[in-house]
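Just below is one structure, and these are the notes that go with it.
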Amino acid sequence: MRRVELLLTALEYIEGHLRDDIRTEDVAAVCFCSKSTLEKTFRCVNRISVHDYVIRRRMMQAARLLAGSPDRTILDIALEYGYSTHESFARAFRQVWNCRPSEFRKMKYELYPRLRIPAENGGQCMMSNRHVDISELYDLFQERKDCFFICCDVKEMMRINEISHRAGDLAIIEAMERMSAAAGEGNLVFRIGGDEFCILTDSREESYAEGIAEAIRARNGESFSGEGREVPLYLHTTAVRLEQKHVRYDELYTGLHEAIYEAIRTGRD
């Protein structure tokens with residue numbers, strides 16, 4: 001339970017101070033533990049350092065502003081997240097998103113959502129390594145509760161990560177870019193796990209969802225450039241509609257993962 005409480009406190013503090021100059025030492029102090037204890041626990045559970053998680057969350061929030069507030073300048077957004085120049089912000093943004101901030105204004109996907117450790121069953125959640133918070137999309141789920149999802153999972157992600165962690169990051173970006181390209185207007189691409197993703201459509205027509213899924217499958221085997229080499233990428237892809245009168249968050253989250261597992265198990269890709 002101590003690990004659960006520590007991570008709950010750390011994630012809550014980080015989320016509330018993304019616009020501040022957060023150091024790992026500051027987060028550790030709030031958690032009443034040493035920097036090494038926090039870093040070890042954070043890496044063990046989240047597979048990322050505290051510093052890298054902070055950067056990714058900042059760039060996620062900045063990306064939302066870039067896409068959703070076209071009237072705001074890039075420098076204005078950079079200053080809001082602690083970057084004194086356009087250049088320093090652009091470097092950090094490219095490291096996370098692999099594109100310039102100006103290019104992202106046309107994107108429509110959620111890449112680095114907040115991590116979520118529930119107070120109850122937190123230990124089981126940490127063991128599963130599937131604790132991404134998509135609660136910010138809950139109202140949209142309610143509005144589209146009978147619409148189709150397209151769920152995707154990167155094949156052989158461990159093999160890609162063995163090339164380098166950077167190659168793994170690029171594979172995730174490539175997967176979401178393929179999904180974004182296939183998604184229609186009004187559809188939202190988001191991440192529900194380490195290498196697991198969904199498109200929430202605005203359609204109740206199975207043929208429409210299958211058309212998007214097939215467009216994604218058609219690109220299986222295409223390569224992306226990572227660490228000086230061409231890396232082929234394949235996605236397990238399936239369309240699913242979670243029929244229920246009332247959308248409960250945990251059931252929705254579980255149902256999306258189960259759809260992915262079923263696609264992998266049956267070889268539907």
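Ordered as shown in the structure tokens, chains take letters A, B, and onward, while each chain numbers its residues from 1 and ligands are numbered from 1 in the order shown.
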Next on the checklist: Write out as a ChimeraX atom specification the set of residues from stretch 77-223 of chain A that DSSP, computed on the backbone, places in strand (DSSP E).
Outcome noted: /A:109-110,149-154,188-191,196-200,223
Checklist entry - Which of these residues is nearest to A:Cys44, using only C-alpha atoms: A:Arg91, A:Arg3, A:Arg219, A:Arg166? => result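 When distances to A:Cys44 are compared using only C-alpha atoms, the smallest one comes from A:Arg3.
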Checklist entry - Can you tell me how far atom CA of A:Asp153 sits from atom CA of A:Met179, in Å to one decimal? => result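 For atom CA of A:Asp153 relative to atom CA of A:Met179, the distance reads 11.1 Å.
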Item to check | Non-local contacts of A:Phe93 (10 Å; only C-alpha atoms; under 4 positions in same chain excluded) as a list of chain:residue names | outcome: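 Listed by chain and then number, they are A:Ile55, A:Arg56, A:Arg58, A:Met59, A:Met60, A:Ala62, A:Ala63, A:Ala78, A:Glu87, A:Ser88, A:Phe89, A:Trp97, A:Asn98, A:Cys99, A:Arg100, A:Pro101, A:Phe104.
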Item to check | Long-range neighbours of A:Ile14 as an MDAnalysis selection string, 10 Å cut-off, only C-alpha atoms, 3 positions minimum in chain | outcome: chainID A and resid 9:11 17:20 22:24 26:27 50 53:54 57:58 114
Checklist entry - Do you have the atom CA of A:Ala209-atom CA of A:Arg144 distance handy? => result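 Between these atoms lies a distance of 13.7 Å.
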Next on the checklist: Using Å and a single decimal, report how far atom CA of A:Leu233 sits from atom CA of A:Glu206.
Outcome noted: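 If I compute the distance from atom CA of A:Glu206 to atom CA of A:Leu233, I get 25.7 Å.
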Checklist entry - Which residue gives the smallest distance to A:Glu222 among A:Leu200, A:Leu252, A:Arg178, A:Leu65, with only C-alpha atoms counted? => result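 Among the listed residues, the smallest separation from A:Glu222 belongs to A:Arg178.
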Item to check | All residues 8 Å or closer to A:Phe197, only C-alpha atoms, same chain fewer than 3 positions away omitted, as a list in words | outcome: Cys151, Cys152, Asp153, Met176, Val189, Phe190, Arg191, Ile192 and Gly193 of chain A
Checklist entry - Using the chain letters and numbers from this document, which residues of stretch 200-260 of chain A does DSSP assign to helix (DSSP H, G or I), as number ranges by chain? => result A: 206-217, 249-260
Checklist entry - Which residue gives the smallest distance to A:Leu137 among A:Ile77, A:Met107, A:Ile199, A:Ala29, with only C-alpha atoms counted? => result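 Of the candidates, the smallest distance to A:Leu137 is held by A:Ile199.
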Next on the checklist: When you look at A:Glu227 with a cut-off of 8 Å (counting only C-alpha atoms), what residues show up, excluding the ones that are within fewer than 5 positions of it in the same chain? I need them as a VMD selection string.
Outcome noted: chain A and resid 163 to 164 166 to 167
Got time to write the residues from that selection, all heavy atoms, as a compact mmCIF listing (two decimals), in the first residue's frame?
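Result file part.txt:
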```txt
# COMPACT_ATOMS: atom_id res chain seq x y z
N ILE A 163 15.55 -2.19 -29.76
CA ILE A 163 16.39 -1.31 -30.58
C ILE A 163 16.82 -0.12 -29.75
O ILE A 163 18.00 0.20 -29.66
CB ILE A 163 15.62 -0.85 -31.84
CG1 ILE A 163 15.24 -2.05 -32.70
CG2 ILE A 163 16.46 0.15 -32.64
CD1 ILE A 163 14.31 -1.71 -33.86
N SER A 164 15.84 0.53 -29.12
CA SER A 164 16.08 1.62 -28.17
C SER A 164 14.72 2.10 -27.69
O SER A 164 13.69 1.88 -28.34
CB SER A 164 16.85 2.78 -28.81
OG SER A 164 16.03 3.48 -29.71
N ARG A 166 13.88 5.16 -27.63
CA ARG A 166 13.49 6.18 -28.59
C ARG A 166 12.75 5.56 -29.78
O ARG A 166 11.76 6.09 -30.26
CB ARG A 166 14.72 6.96 -29.08
CG ARG A 166 14.43 8.03 -30.12
CD ARG A 166 13.46 9.07 -29.62
NE ARG A 166 13.22 10.11 -30.59
CZ ARG A 166 12.18 10.95 -30.54
NH1 ARG A 166 11.31 10.85 -29.55
NH2 ARG A 166 12.03 11.88 -31.45
N ALA A 167 13.23 4.41 -30.24
CA ALA A 167 12.54 3.71 -31.32
C ALA A 167 11.13 3.32 -30.89
O ALA A 167 10.18 3.41 -31.68
CB ALA A 167 13.33 2.47 -31.74
```
Item to check | Among the residues A:Met157, A:Leu115, A:Ala218, A:Leu8, the one that comes closest to A:Cys31 [using only C-alpha atoms] | outcome: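 Once distances to A:Cys31 are computed over only C-alpha atoms, the minimum belongs to A:Leu8.
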Can you write out as a Markdown table which residues of stretch 204-225 of chain A fall within 12 Å of stretch 183-186 of chain A, alongside each residue's closest atom pair and its distance in Å to one decimal, counting only C-alpha atoms and ordering rows by chain and ascending residue number?
```
| residue | atom | partner | partner_atom | distance |
| --- | --- | --- | --- | --- |
| A:Tyr208 | CA | A:Gly184 | CA | 9.7 |
| A:Ala209 | CA | A:Ala183 | CA | 9.2 |
| A:Glu210 | CA | A:Ala183 | CA | 11.2 |
| A:Gly211 | CA | A:Ala183 | CA | 9.6 |
| A:Ile212 | CA | A:Ala183 | CA | 6.3 |
| A:Ala213 | CA | A:Ala183 | CA | 9.0 |
| A:Glu214 | CA | A:Ala183 | CA | 11.1 |
| A:Ala215 | CA | A:Ala183 | CA | 9.1 |
| A:Ile216 | CA | A:Ala183 | CA | 9.2 |
```
Item to check | For A:Thr41, the nearest of the candidates A:Tyr261, A:Leu75, A:Glu25, A:Leu6, counting only C-alpha atoms | outcome: A:Leu6
